[in-house]
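Contents: one structure, followed by commentary.
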Amino acid sequence: MKELSLNSCRLDKRYDVQEHLGRGSYAEIYLALDTLASPQSPHNTVVIKALNVFLQDDLDDDLERTLVENFQNEAIALDRVRHPNIISRIGHGTARDLRGTVFHYLVLEYLPGGDLQSLLRKEKIPLQTALNYVEQICAGLGHAHRHSIIHRDIKPQNLLLTSDLSTVKIADFGVARVSMSDSPITRVGTNIYAPPEHSPLSAGQTGALDFGQLTPSADIYSLAKTVYTILSGEAPRGFANETISDIPQTICDEKWGDEFVRVIKRATHSDPRERHQTVDEFWSDLSAIREIDDDGEASTVVTAAIRMPQAHVSRGYTPIAPAQPHFEELRERVPDTAPQLNFIPHDQQNLASTHSVLIGDSVGQTPPSASMPAALPKRSRARFRRVATFLIFITLFTGILYGTASFMRGRSFLPQIKNPFSTPNAIATTDVYLRASPNTDNDPIGLVTKNSKVRIVKSQNNWYQIDVIEQGRDRASPGNADRGWINGKYLDISEN
């Protein structure tokens, strides 16, 4: 087993690796500072997930190929299911560490609130806060299922929180199934939370049940046991690979205890066909607990058959995904252009970008010592100064052109130029009014009906200005406006 040497290095000429957070069976996790991001940016600090196939002691060609494919599939899955309640991929790349070891990496958003498991160890989460978390998880997981992604490892440790503990996001799509096909089901997941159809505990013990096809009900099983943990404060260890038939006394005495047992028993049924078949159906069933806690009984008011869980958007979220990566096998097809990382002394890690120590070097050369930075020869320094001067001139010239163009457009002398490749679309999840400005302090100017197709023009905080492409059904008043502002919690955003 050989760990990567990345501490105190600059990656991709921008990410200063600060700390090694941990490692799994095939990847290492690092905390890094983005030197090109604003200090006020929510993505000023990022997570580097580095693929290290050499963590495997019995590495062979087939295993290496599988690890690289899984790593790339994780990036594909994250981009396909981009959602406010799913962790976002920011970038990717291939590089070599201080010892010359080539590795692929993903850049992910950093969620400083930690995982739900850690929060549960510190304190008991109030019921309404817990249900808010569950609703966000359901919104993200349901979005993934609608895009043919099955997570396969839903558990409290893979549910991360923002710094203000108001938004929860699903993380770690490393073992996700990116298509709902009839391909063989592999044994993955965590024993306590994994369903029988892919639990490591049930290998070769599926009995008479037919688990030939993996369905969203597998994730619903894991989600239900996660909800058990969130509401009770303890993991369902006594029900590993089994249906939950009882709950701890701490929540059994609650007025919603009986309803919770009914819902959780169905969701963790050993037969996938007997469970809730969609996350929306599970949430609709579970949300009755909130009504019982508020009113003493489930509401008898007539509502929609299925209650859609609502997403929660945190600061810095964008539906636009970065360029899709393509990774090669590391031992036999090593990229010749993979950059070599050099050591950054602690007293130089926050210097200006002109002191960047990321330099190109062909694979196979002896890497510089990790004990001190490599000195650049005089010719290299002179070339560096010329390049830096040229880049400064280009930056100033571009800034002047951009400022002039912005001024002219502001005076209506030039038409507004829009990027034709960055116009995300969305679906309205319910009937909602259009507003003239991004708030509710103004009268409605139109109505967007449920399942209407809309195009996002621009955004402000959690409000989006949209154009209505196609109404979900005939509007009550044909004279309604087709452009206006709508709150993001009423939209299911996708990228075209």
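Naming scheme: A, B, ... for chains in displayed order of the structure tokens; residues 1 onward per chain; ligands 1 onward as shown.
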* What lies within 7 Å of segment 28-40 of chain A using only C-alpha atoms, ignoring chain neighbours under 2 positions off, as a list of chain:residue names? ->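 What passes the distance filter is A:Arg14, A:Tyr15, A:Asp16, A:Val17, A:Gln18, A:Glu19, A:His20, A:Leu21, A:Gly22, A:Arg23, A:Gly24, A:Pro42, A:Asn44, A:Thr45, A:Val46, A:Val47, A:Ile48, A:Lys49, A:Ala50, A:Leu51, A:Asn52.
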How would the residues just picked look written out with C-alpha atoms as a short mmCIF file (atom, residue, chain, number, x, y, z; two decimals), in the first residue's frame?
data_model
loop_
_atom_site.label_atom_id
_atom_site.label_comp_id
_atom_site.auth_asym_id
_atom_site.auth_seq_id
_atom_site.Cartn_x
_atom_site.Cartn_y
_atom_site.Cartn_z
CA ARG A 14 -4.62 26.86 -8.11
CA TYR A 15 -5.45 24.33 -5.38
CA ASP A 16 -3.11 24.47 -2.35
CA VAL A 17 -3.48 21.14 -0.56
CA GLN A 18 -3.86 21.90 3.15
CA GLU A 19 -4.77 18.68 4.93
CA HIS A 20 -5.21 14.95 4.44
CA LEU A 21 -8.76 14.15 5.63
CA GLY A 22 -8.77 10.37 5.18
CA ARG A 23 -8.77 7.51 2.72
CA GLY A 24 -10.97 4.65 1.58
CA PRO A 42 -18.53 29.48 -0.83
CA ASN A 44 -12.94 29.12 -1.53
CA THR A 45 -12.18 25.78 0.14
CA VAL A 46 -12.65 22.55 -1.84
CA VAL A 47 -12.23 18.81 -1.43
CA ILE A 48 -9.78 16.87 -3.62
CA LYS A 49 -10.75 13.22 -4.10
CA ALA A 50 -7.68 11.49 -5.51
CA LEU A 51 -7.87 8.02 -7.06
CA ASN A 52 -5.00 5.89 -5.74
#
* Would you give me, as a ChimeraX atom specification, the residues in segment 127-296 of chain A that DSSP reads as helix (DSSP H, G or I)? -> /A:127-146,156-158,200-202,217-232,237-239,249-252,257-267,272-274,279-286,288-295
* For Ser245 of chain A, which residue among A:Ser437, A:Asn462, A:Thr162, A:Thr268 is the nearest when counting only C-alpha atoms? ->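 That would be A:Thr268, the residue with the smallest distance to Ser245 of chain A.
In this structure, atom CA of Asp280 of chain A sits 21.5 Å away from atom CA of Leu116 of chain A.
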* Rank nothing, just name the residue among A:Ala218, A:Ile90, A:Arg385, A:Gln128 nearest to Asp153 of chain A, using only C-alpha atoms. => A:Ala218
